[in-house]
Structure formats: structure tokens, C-alpha cells
>>> print(open('upload.pdb').read())   # PDB, C-alpha atoms and all ligand atoms
ATOM      1  CA  MET A   1     -89.174  27.582-197.610
ATOM      2  CA  ILE A   2     -92.362  29.455-198.332
ATOM      3  CA  ILE A   3     -94.719  31.260-195.977
ATOM      4  CA  ARG A   4     -98.377  30.894-196.890
ATOM      5  CA  GLN A   5    -101.790  31.159-195.327
ATOM      6  CA  LEU A   6    -103.059  28.284-193.237
ATOM      7  CA  VAL A   7    -106.077  26.539-194.769
ATOM      8  CA  THR A   8    -108.433  24.158-193.009
ATOM      9  CA  GLU A   9    -106.961  21.207-194.935
ATOM     10  CA  ASP A  10    -103.717  21.838-192.997
ATOM     11  CA  TYR A  11    -105.421  21.151-189.670
ATOM     12  CA  ASP A  12    -104.077  17.634-189.024
ATOM     13  CA  ALA A  13    -100.547  18.710-189.972
ATOM     14  CA  LEU A  14    -100.907  21.753-187.721
ATOM     15  CA  VAL A  15    -101.843  19.632-184.714
ATOM     16  CA  ALA A  16     -98.996  17.211-185.520
ATOM     17  CA  LEU A  17     -96.614  20.177-185.590
ATOM     18  CA  TRP A  18     -97.812  21.438-182.206
ATOM     19  CA  ARG A  19     -97.313  17.950-180.766
ATOM     20  CA  GLU A  20     -93.846  17.569-182.283
ATOM     21  CA  ALA A  21     -92.825  20.989-180.964
ATOM     22  CA  ALA A  22     -94.321  20.085-177.549
ATOM     23  CA  LEU A  23     -96.515  23.182-177.676
ATOM     24  CA  SER A  24     -99.510  23.013-175.381
ATOM     25  CA  HIS A  25    -102.805  23.575-177.196
ATOM     26  CA  ARG A  26    -106.524  23.105-176.649
ATOM     27  CA  PRO A  27    -107.849  20.511-179.129
ATOM     28  CA  ASN A  28    -111.267  20.457-177.440
ATOM     29  CA  GLY A  29    -111.445  24.218-177.099
ATOM     30  CA  ARG A  30    -110.262  27.111-179.237
ATOM     31  CA  ASP A  31    -107.838  24.921-181.203
ATOM     32  CA  CYS A  32    -110.477  22.480-182.477
ATOM     33  CA  LEU A  33    -111.012  22.313-186.251
ATOM     34  CA  GLU A  34    -114.370  24.100-186.097
ATOM     35  CA  ARG A  35    -112.978  27.104-184.192
ATOM     36  CA  ILE A  36    -109.881  27.350-186.375
ATOM     37  CA  ALA A  37    -112.040  27.160-189.524
ATOM     38  CA  HIS A  38    -114.358  29.824-188.112
ATOM     39  CA  GLU A  39    -111.432  32.157-187.468
ATOM     40  CA  ILE A  40    -109.933  31.551-190.915
ATOM     41  CA  ALA A  41    -113.289  32.504-192.456
ATOM     42  CA  GLY A  42    -113.390  35.706-190.405
ATOM     43  CA  THR A  43    -111.423  38.924-190.627
ATOM     44  CA  THR A  44    -109.183  38.862-187.574
ATOM     45  CA  ALA A  45    -106.938  35.867-188.274
ATOM     46  CA  ILE A  46    -103.471  35.986-189.787
ATOM     47  CA  PHE A  47    -102.775  32.282-189.636
ATOM     48  CA  LEU A  48     -99.589  31.361-191.508
ATOM     49  CA  VAL A  49     -97.502  28.274-192.080
ATOM     50  CA  ALA A  50     -93.908  27.779-193.175
ATOM     51  CA  GLU A  51     -93.626  24.995-195.715
ATOM     52  CA  SER A  52     -90.544  23.210-196.978
ATOM     53  CA  LYS A  53     -90.606  20.344-199.477
ATOM     54  CA  GLU A  54     -94.413  20.267-199.139
ATOM     55  CA  ARG A  55     -94.148  19.720-195.385
ATOM     56  CA  ILE A  56     -95.366  22.180-192.772
ATOM     57  CA  ILE A  57     -92.332  22.957-190.608
ATOM     58  CA  GLY A  58     -93.684  25.941-188.704
ATOM     59  CA  ALA A  59     -96.885  27.809-187.952
ATOM     60  CA  ILE A  60     -98.171  30.927-186.262
ATOM     61  CA  LEU A  61    -101.696  32.021-185.374
ATOM     62  CA  GLY A  62    -101.664  35.794-185.554
ATOM     63  CA  THR A  63    -104.827  37.644-184.605
ATOM     64  CA  HIS A  64    -105.914  41.186-183.930
ATOM     65  CA  ASP A  65    -108.694  42.856-182.046
ATOM     66  CA  GLY A  66    -108.641  46.060-184.077
ATOM     67  CA  ARG A  67    -106.267  47.768-181.607
ATOM     68  CA  LYS A  68    -103.522  45.284-180.958
ATOM     69  CA  GLY A  69    -102.031  42.260-182.681
ATOM     70  CA  TRP A  70    -101.445  38.965-180.931
ATOM     71  CA  ILE A  71     -99.103  36.085-181.649
ATOM     72  CA  ASN A  72    -100.407  32.687-180.649
ATOM     73  CA  ARG A  73     -99.296  29.084-181.082
ATOM     74  CA  LEU A  74     -95.923  29.815-182.657
ATOM     75  CA  ALA A  75     -94.137  26.529-183.285
ATOM     76  CA  VAL A  76     -91.347  25.141-185.432
ATOM     77  CA  VAL A  77     -90.514  21.441-185.759
ATOM     78  CA  PRO A  78     -87.353  20.597-183.781
ATOM     79  CA  SER A  79     -85.449  19.525-186.925
ATOM     80  CA  HIS A  80     -85.828  23.050-188.374
ATOM     81  CA  GLN A  81     -85.379  25.168-185.247
ATOM     82  CA  GLN A  82     -82.651  27.821-184.984
ATOM     83  CA  GLN A  83     -82.754  28.363-188.749
ATOM     84  CA  GLY A  84     -84.824  31.536-188.836
ATOM     85  CA  VAL A  85     -88.211  29.902-189.479
ATOM     86  CA  ALA A  86     -89.990  31.464-186.489
ATOM     87  CA  THR A  87     -88.416  34.828-187.226
ATOM     88  CA  ALA A  88     -89.824  34.668-190.755
ATOM     89  CA  LEU A  89     -93.297  33.773-189.426
ATOM     90  CA  VAL A  90     -93.357  36.548-186.812
ATOM     91  CA  THR A  91     -92.044  39.080-189.325
ATOM     92  CA  ALA A  92     -94.773  38.117-191.799
ATOM     93  CA  VAL A  93     -97.504  38.544-189.165
ATOM     94  CA  GLU A  94     -96.042  41.881-188.048
ATOM     95  CA  LYS A  95     -96.027  43.082-191.668
ATOM     96  CA  GLN A  96     -99.669  42.154-192.223
ATOM     97  CA  LEU A  97    -100.665  43.800-188.947
ATOM     98  CA  SER A  98     -98.769  46.934-189.892
ATOM     99  CA  GLU A  99    -100.618  47.037-193.206
ATOM    100  CA  LEU A 100    -103.830  47.090-191.164
ATOM    101  CA  GLY A 101    -102.517  50.047-189.162
ATOM    102  CA  ILE A 102    -101.786  47.944-186.087
ATOM    103  CA  GLU A 103     -98.361  48.809-184.728
ATOM    104  CA  ILE A 104     -98.368  46.954-181.410
ATOM    105  CA  VAL A 105     -97.928  43.205-181.296
ATOM    106  CA  ALA A 106     -98.067  41.128-178.123
ATOM    107  CA  CYS A 107     -97.726  37.545-177.009
ATOM    108  CA  LEU A 108     -98.130  35.617-173.781
ATOM    109  CA  ILE A 109     -95.236  33.426-172.711
ATOM    110  CA  GLU A 110     -95.490  30.972-169.853
ATOM    111  CA  GLU A 111     -92.847  31.574-167.204
ATOM    112  CA  TRP A 112     -91.128  28.201-167.692
ATOM    113  CA  ASN A 113     -90.654  28.821-171.422
ATOM    114  CA  LYS A 114     -87.259  30.504-171.242
ATOM    115  CA  ASP A 115     -86.336  29.605-174.857
ATOM    116  CA  SER A 116     -89.372  31.428-176.112
ATOM    117  CA  ALA A 117     -88.592  34.422-173.909
ATOM    118  CA  VAL A 118     -85.091  34.563-175.403
ATOM    119  CA  PHE A 119     -86.527  34.259-178.900
ATOM    120  CA  PHE A 120     -89.033  37.107-178.479
ATOM    121  CA  GLY A 121     -86.439  39.233-176.730
ATOM    122  CA  LYS A 122     -84.139  38.870-179.744
ATOM    123  CA  LEU A 123     -86.968  40.050-181.976
ATOM    124  CA  GLY A 124     -87.328  43.222-179.929
ATOM    125  CA  TYR A 125     -90.266  42.254-177.708
ATOM    126  CA  HIS A 126     -90.248  43.794-174.241
ATOM    127  CA  CYS A 127     -91.238  41.745-171.193
ATOM    128  CA  HIS A 128     -93.723  43.502-168.879
ATOM    129  CA  SER A 129     -93.020  41.808-165.582
ATOM    130  CA  ASP A 130     -95.434  44.167-163.807
ATOM    131  CA  ILE A 131     -98.492  42.879-165.713
ATOM    132  CA  HIS A 132    -100.562  39.911-164.539
ATOM    133  CA  TYR A 133    -102.670  37.908-166.990
ATOM    134  CA  TYR A 134    -106.309  37.539-165.916
ATOM    135  CA  SER A 135    -108.810  35.412-167.821
ATOM    136  CA  LYS A 136    -112.390  34.220-167.355
ATOM    137  CA  ARG A 137    -113.399  30.919-168.948
ATOM    138  CA  LYS A 138    -116.663  29.035-169.345
ATOM    139  CA  ASP A 139    -114.745  25.821-168.776
ATOM    140  CA  ALA A 140    -111.153  24.613-168.601
ATOM    141  CA  ALA A 141    -111.102  23.313-172.207
ATOM    142  CA  VAL A 142    -111.532  26.664-173.938
TER     143      VAL A 142
HETATM  144  C1  LIG A 201     -89.476  29.272-179.858
HETATM  145  C2  LIG A 201     -89.417  28.742-181.291
HETATM  146  C3  LIG A 201     -90.721  29.063-182.016
HETATM  147  C4  LIG A 201     -88.234  29.424-182.022
HETATM  148  O1  LIG A 201     -88.235  28.985-183.384
HETATM  149  P1  LIG A 201     -86.927  29.035-184.288
HETATM  150  O2  LIG A 201     -87.361  28.854-185.717
HETATM  151  O3  LIG A 201     -85.929  28.077-183.768
HETATM  152  O4  LIG A 201     -86.412  30.515-184.060
HETATM  153  P2  LIG A 201     -85.378  31.320-185.002
HETATM  154  O5  LIG A 201     -84.476  30.356-185.687
HETATM  155  O6  LIG A 201     -86.135  32.269-185.873
HETATM  156  O7  LIG A 201     -84.538  32.114-183.890
HETATM  157  C5  LIG A 201     -84.426  33.541-183.814
HETATM  158  C6  LIG A 201     -83.430  33.882-182.748
HETATM  159  O8  LIG A 201     -83.838  33.310-181.488
HETATM  160  C7  LIG A 201     -82.846  32.413-181.014
HETATM  161  N1  LIG A 201     -83.442  31.231-180.448
HETATM  162  C8  LIG A 201     -84.402  30.466-180.992
HETATM  163  N2  LIG A 201     -84.651  29.418-180.206
HETATM  164  C9  LIG A 201     -83.810  29.526-179.146
HETATM  165  C10 LIG A 201     -83.565  28.721-177.992
HETATM  166  N3  LIG A 201     -84.202  27.572-177.816
HETATM  167  N4  LIG A 201     -82.635  29.146-177.104
HETATM  168  C11 LIG A 201     -81.952  30.280-177.305
HETATM  169  N5  LIG A 201     -82.111  31.094-178.408
HETATM  170  C12 LIG A 201     -83.044  30.701-179.298
HETATM  171  C13 LIG A 201     -82.057  32.022-182.247
HETATM  172  O9  LIG A 201     -80.762  31.582-181.931
HETATM  173  C14 LIG A 201     -82.054  33.291-183.040
HETATM  174  O10 LIG A 201     -81.080  34.183-182.523
HETATM  175  P3  LIG A 201     -80.009  34.889-183.483
HETATM  176  O11 LIG A 201     -80.835  35.790-184.376
HETATM  177  O12 LIG A 201     -79.110  35.599-182.553
HETATM  178  O13 LIG A 201     -79.368  33.789-184.249
HETATM  179  C15 LIG A 201     -89.156  27.207-181.315
HETATM  180  O14 LIG A 201     -88.075  26.916-180.459
HETATM  181  C16 LIG A 201     -90.339  26.362-180.872
HETATM  182  O15 LIG A 201     -91.175  25.968-181.708
HETATM  183  N6  LIG A 201     -90.430  26.047-179.565
HETATM  184  C17 LIG A 201     -91.489  25.162-179.033
HETATM  185  C18 LIG A 201     -92.860  25.823-179.057
HETATM  186  C19 LIG A 201     -92.878  27.124-178.283
HETATM  187  O16 LIG A 201     -92.403  27.206-177.155
HETATM  188  N7  LIG A 201     -93.453  28.175-178.922
HETATM  189  C20 LIG A 201     -93.566  29.514-178.358
HETATM  190  C21 LIG A 201     -94.747  29.650-177.466
HETATM  191  S1  LIG A 201     -94.848  31.304-176.789
END
>>> encode(input="upload.pdb", output="C-alpha cells", more="lines below")
Ligand SMILES: CC(C)(COP(=O)(O)OP(=O)(O)OC[C@H]1O[C@@H](n2cnc3c(N)ncnc32)[C@H](O)[C@@H]1OP(=O)(O)O)[C@@H](O)C(=O)NCCC(=O)NCCS
Amino acid sequence: MIIRQLVTEDYDALVALWREAALSHRPNGRDCLERIAHEIAGTTAIFLVAESKERIIGAILGTHDGRKGWINRLAVVPSHQQQGVATALVTAVEKQLSELGIEIVACLIEEWNKDSAVFFGKLGYHCHSDIHYYSKRKDAAV
């Protein structure tokens, strides 16, 4: 398995991966090809894929806002889960963030997603049950 940067040519495989992993995403909003390509061309994206036998088996969209790093859209295909793929992806994002001087990494986990909560807990992430997530959107698709 190798970890490499996501390129725009990976987009269809990325969406297929999200579907296979049953990860909710916003194909008409921030996960559309144009937005992903825009982020890749910018300076705040650490978008990585795990590849095995020329197939994308996992992906992570790391970002930062200059203060804090964020992990988004982490997914591994079911056939390769529980083999350390997601750990390798998160570790790679954390390393790149650290090289930028960013030492805090966060992610949002929906309450139903207990598996993901267990996963991030094992990697040393602390759950802040006293924080509520507020967002303001132009429309529901974004
Ligand atoms: C969550 C997810 C990314 C984990 O990927 P993975 O490659 O299987 O994770 P790893 O193999 O690196 O697991 C690391 C640790 O977490 C544990 N873990 C992973 N998935 C688990 C699960 N479903 N239940 C319990 N523990 C789990 C592993 O056993 C391992 O623990 P260990 O170090 O004690 O052996 C993967 O299950 C997935 O793609 N889920 C669907 C999409 C999703 O929910 N993404 C996260 C959105 S926030």
C-alpha cells in the first residue's frame, strides 16, 4: 500500500469509495469535482489516498485554517477495513500538519457513527461532549 496525494483524476474513484464505505458526502456541494479541484490547487488541502494494486482503497481530506487541522471524509473500502489503512492516512495528515506548525487536529463525528468514535478514540482523539456544532449554510447542498 502507498499513501499519495489525491489528484483530480482520482475524483470518480474517490466518490465510488465514499459510496462503497457508505460515507455521506455532498456531491452537489463542497464535494463536487470543481470544489475539490479548487481546494487541491490551493494551500490548505492535505488530500491523500491509500492505493493498493493501483486501486484506491482509502482516502482522507485533511485541511487546515492556519490554526487548526481538520480531518474530513475519512473512508476505507470495507474489504480493507481493520487493517491499519485509516490509521496510516490519519498519521500522514497529522505529520504534514505538524510540519506546518499545526499541532491540534480535529474531526466531527456524527453521533450514530460509533465505529468512527472508537477509531478516533484509539488514535488518541478526545471527545468534547460539551461542545455543540453550529453552522450557517447558503443552502442545504453545501
Ligand atoms: C472508520 C474507518 C475509516 C476505520 O478505517 P480502518 O482502516 O478500518 O481503521 P484501522 O484499521 O486503521 O483501525 C485502527 C483501530 O481502530 C479500530 N477500529 C476500526 N474500525 C473499527 C470498528 N468498526 N469498530 C471497532 N474498532 C474499529 C481497529 O480495530 C484498530 O484498533 P487496534 O489498533 O486496537 O487494532 C472505516 O471503518 C470506514 O471507512 N468507515 C465508514 C466511513 C466512516 O464512517 N468514516 C469516518 C467518518 S468520521
>>> residues_around(input="upload.pdb", residues="Leu48 of chain A", least_positions_apart="5", cutoff="9 Å", atoms="all atoms listed in the file", output="list in words")
Ile3, Arg4, Gln5, Leu6, Val7, Gly58, Ala59, Ile60, Leu61, Gly62, Leu89, Ala92 and Val93 of chain A
>>> closest_atom_pairs(input="upload.pdb", of="chain A", to="ligand LIG 201 (chain A)", cutoff="9 Å", atoms="all atoms listed in the file", output="Markdown table")
| residue | atom | partner | partner_atom | distance |
| --- | --- | --- | --- | --- |
| A:Leu17 | CA | A:LIG201 | O15 | 8.8 |
| A:Trp18 | CA | A:LIG201 | C18 | 7.3 |
| A:Glu20 | CA | A:LIG201 | C17 | 8.6 |
| A:Ala21 | CA | A:LIG201 | C17 | 4.8 |
| A:Ala22 | CA | A:LIG201 | C17 | 6.0 |
| A:Leu23 | CA | A:LIG201 | C18 | 4.7 |
| A:Ser24 | CA | A:LIG201 | C18 | 8.1 |
| A:Gly58 | CA | A:LIG201 | O15 | 7.4 |
| A:Ala59 | CA | A:LIG201 | C3 | 8.6 |
| A:Ile60 | CA | A:LIG201 | C3 | 8.8 |
| A:Ile71 | CA | A:LIG201 | S1 | 8.0 |
| A:Asn72 | CA | A:LIG201 | S1 | 6.9 |
| A:Arg73 | CA | A:LIG201 | C21 | 5.8 |
| A:Leu74 | CA | A:LIG201 | N7 | 4.8 |
| A:Ala75 | CA | A:LIG201 | O15 | 3.4 |
| A:Val76 | CA | A:LIG201 | O15 | 3.8 |
| A:Val77 | CA | A:LIG201 | O15 | 6.1 |
| A:Pro78 | CA | A:LIG201 | O15 | 6.9 |
| A:His80 | CA | A:LIG201 | O2 | 6.6 |
| A:Gln81 | CA | A:LIG201 | O3 | 3.3 |
| A:Gln82 | CA | A:LIG201 | O5 | 3.2 |
| A:Gln83 | CA | A:LIG201 | O5 | 4.0 |
| A:Gly84 | CA | A:LIG201 | O6 | 3.3 |
| A:Val85 | CA | A:LIG201 | O2 | 4.0 |
| A:Ala86 | CA | A:LIG201 | O2 | 3.8 |
| A:Thr87 | CA | A:LIG201 | O6 | 3.7 |
| A:Ala88 | CA | A:LIG201 | O6 | 6.6 |
| A:Leu89 | CA | A:LIG201 | O6 | 8.1 |
| A:Val90 | CA | A:LIG201 | O6 | 8.4 |
| A:Cys107 | CA | A:LIG201 | S1 | 6.9 |
| A:Leu108 | CA | A:LIG201 | S1 | 6.2 |
| A:Ile109 | CA | A:LIG201 | S1 | 4.6 |
| A:Glu110 | CA | A:LIG201 | S1 | 7.0 |
| A:Asn113 | CA | A:LIG201 | O16 | 6.2 |
| A:Lys114 | CA | A:LIG201 | N4 | 7.6 |
| A:Asp115 | CA | A:LIG201 | N3 | 4.2 |
| A:Ser116 | CA | A:LIG201 | C1 | 4.3 |
| A:Ala117 | CA | A:LIG201 | S1 | 7.6 |
| A:Val118 | CA | A:LIG201 | N5 | 5.5 |
| A:Phe119 | CA | A:LIG201 | O8 | 3.9 |
| A:Phe120 | CA | A:LIG201 | O8 | 7.1 |
| A:Gly121 | CA | A:LIG201 | O8 | 8.0 |
| A:Lys122 | CA | A:LIG201 | O8 | 5.8 |
| A:Leu123 | CA | A:LIG201 | C6 | 7.2 |
>>> atom_distance(input="upload.pdb", atom1="atom CA of Ser129 of chain A", atom2="atom CA of Trp112 of chain A")
13.9 Å
>>> atom_distance(input="upload.pdb", atom1="atom CA of Met1 of chain A", atom2="atom CA of Ile57 of chain A")
9.0 Å
>>> atom_distance(input="upload.pdb", atom1="atom CA of Lys95 of chain A", atom2="atom CA of Phe47 of chain A")
12.9 Å
>>> closest_residue(input="upload.pdb", among="A:Glu54, A:Cys32, A:Glu111, A:Ile46", to="His132 of chain A", atoms="all atoms listed in the file")
A:Glu111
>>> closest_residue(input="upload.pdb", among="A:Thr43, A:Ser98, A:Thr91, A:Ser52", to="Lys68 of chain A", atoms="all atoms listed in the file")
A:Ser98
>>> residues_around(input="upload.pdb", residues="Lys138 of chain A", least_positions_apart="3", cutoff="12 Å", atoms="all atoms listed in the file", output="list of chain:residue names")
A:Gly29, A:Arg30, A:Ser135, A:Ala141, A:Val142
>>> resolve_selection(input="upload.pdb", expression="the PyMOL selection byres (((chain A and resi 65) around 12) and not hetatm)", output="PyMOL selection string")
chain A and resi 42-46+62-64+66-71+97+100-102+104-106
>>> axis_aligned_box(input="upload.pdb", around="segment 65-70 of chain A", padding_each_side="6 Å", output="JSON")
{"center_x": -105.1, "center_y": 43.4, "center_z": -182.5, "size_x": 19.2, "size_y": 20.8, "size_z": 15.1}
>>> decode(input="upload.pdb", residues="segment 11-24 of chain A", atoms="all heavy atoms", output="compact mmCIF listing (two decimals), in the first residue's frame")
# COMPACT_ATOMS: atom_id res chain seq x y z
N TYR A 11 -11.04 11.64 -8.97
CA TYR A 11 -12.34 12.05 -8.43
C TYR A 11 -13.40 10.95 -8.50
O TYR A 11 -14.08 10.67 -7.51
CB TYR A 11 -12.84 13.31 -9.13
CG TYR A 11 -14.15 13.80 -8.53
CD1 TYR A 11 -14.17 14.44 -7.30
CD2 TYR A 11 -15.36 13.58 -9.18
CE1 TYR A 11 -15.36 14.85 -6.73
CE2 TYR A 11 -16.56 14.00 -8.61
CZ TYR A 11 -16.55 14.63 -7.39
OH TYR A 11 -17.73 15.03 -6.82
N ASP A 12 -13.55 10.30 -9.65
CA ASP A 12 -14.60 9.28 -9.77
C ASP A 12 -14.35 8.12 -8.81
O ASP A 12 -15.28 7.60 -8.18
CB ASP A 12 -14.68 8.75 -11.21
CG ASP A 12 -15.26 9.80 -12.17
OD1 ASP A 12 -15.86 10.78 -11.68
OD2 ASP A 12 -15.09 9.63 -13.39
N ALA A 13 -13.08 7.73 -8.68
CA ALA A 13 -12.74 6.65 -7.75
C ALA A 13 -12.98 7.08 -6.31
O ALA A 13 -13.40 6.27 -5.46
CB ALA A 13 -11.28 6.24 -7.94
N LEU A 14 -12.76 8.35 -6.03
CA LEU A 14 -12.99 8.88 -4.68
C LEU A 14 -14.48 8.79 -4.31
O LEU A 14 -14.84 8.31 -3.23
CB LEU A 14 -12.52 10.33 -4.61
CG LEU A 14 -12.72 11.07 -3.29
CD1 LEU A 14 -11.83 10.48 -2.20
CD2 LEU A 14 -12.44 12.56 -3.47
N VAL A 15 -15.31 9.22 -5.24
CA VAL A 15 -16.76 9.17 -4.99
C VAL A 15 -17.23 7.71 -4.86
O VAL A 15 -18.04 7.38 -3.98
CB VAL A 15 -17.53 9.91 -6.11
CG1 VAL A 15 -19.03 9.70 -5.96
CG2 VAL A 15 -17.20 11.40 -6.07
N ALA A 16 -16.66 6.84 -5.69
CA ALA A 16 -17.02 5.40 -5.60
C ALA A 16 -16.62 4.85 -4.23
O ALA A 16 -17.36 4.06 -3.62
CB ALA A 16 -16.33 4.63 -6.72
N LEU A 17 -15.47 5.28 -3.74
CA LEU A 17 -15.01 4.84 -2.42
C LEU A 17 -15.97 5.32 -1.33
O LEU A 17 -16.36 4.54 -0.45
CB LEU A 17 -13.61 5.40 -2.16
CG LEU A 17 -13.11 5.41 -0.71
CD1 LEU A 17 -12.93 3.99 -0.18
CD2 LEU A 17 -11.81 6.17 -0.59
N TRP A 18 -16.35 6.59 -1.39
CA TRP A 18 -17.29 7.11 -0.38
C TRP A 18 -18.58 6.30 -0.40
O TRP A 18 -19.14 5.99 0.65
CB TRP A 18 -17.59 8.58 -0.65
CG TRP A 18 -16.44 9.51 -0.32
CD1 TRP A 18 -15.38 9.26 0.51
CD2 TRP A 18 -16.24 10.84 -0.83
NE1 TRP A 18 -14.55 10.35 0.55
CE2 TRP A 18 -15.05 11.33 -0.25
CE3 TRP A 18 -16.96 11.65 -1.71
CZ2 TRP A 18 -14.57 12.61 -0.53
CZ3 TRP A 18 -16.47 12.93 -1.99
CH2 TRP A 18 -15.30 13.39 -1.41
N ARG A 19 -19.06 5.98 -1.62
CA ARG A 19 -20.31 5.22 -1.71
C ARG A 19 -20.13 3.83 -1.12
O ARG A 19 -20.97 3.34 -0.37
CB ARG A 19 -20.74 5.12 -3.18
CG ARG A 19 -21.19 6.47 -3.72
CD ARG A 19 -22.13 6.31 -4.92
NE ARG A 19 -22.55 7.62 -5.38
CZ ARG A 19 -22.29 8.13 -6.59
NH1 ARG A 19 -21.63 7.42 -7.47
NH2 ARG A 19 -22.70 9.34 -6.90
N GLU A 20 -19.01 3.18 -1.48
CA GLU A 20 -18.78 1.81 -1.01
C GLU A 20 -18.65 1.78 0.51
O GLU A 20 -19.09 0.83 1.16
CB GLU A 20 -17.52 1.24 -1.68
CG GLU A 20 -17.49 -0.26 -1.67
CD GLU A 20 -16.26 -0.85 -2.35
OE1 GLU A 20 -15.66 -0.18 -3.22
OE2 GLU A 20 -15.90 -1.99 -1.99
N ALA A 21 -18.04 2.82 1.07
CA ALA A 21 -17.87 2.88 2.53
C ALA A 21 -19.10 3.46 3.22
O ALA A 21 -19.09 3.63 4.44
CB ALA A 21 -16.63 3.72 2.86
N ALA A 22 -20.13 3.77 2.42
CA ALA A 22 -21.39 4.33 2.97
C ALA A 22 -21.14 5.62 3.74
O ALA A 22 -21.76 5.87 4.78
CB ALA A 22 -22.11 3.30 3.83
N LEU A 23 -20.22 6.43 3.23
CA LEU A 23 -19.91 7.71 3.87
C LEU A 23 -20.75 8.81 3.23
O LEU A 23 -20.70 8.99 2.00
CB LEU A 23 -18.42 8.02 3.70
CG LEU A 23 -17.95 9.32 4.34
CD1 LEU A 23 -17.97 9.21 5.86
CD2 LEU A 23 -16.55 9.67 3.88
N SER A 24 -21.50 9.52 4.03
CA SER A 24 -22.31 10.59 3.45
C SER A 24 -21.40 11.70 2.93
O SER A 24 -20.36 12.00 3.52
CB SER A 24 -23.30 11.13 4.48
OG SER A 24 -22.61 11.73 5.54
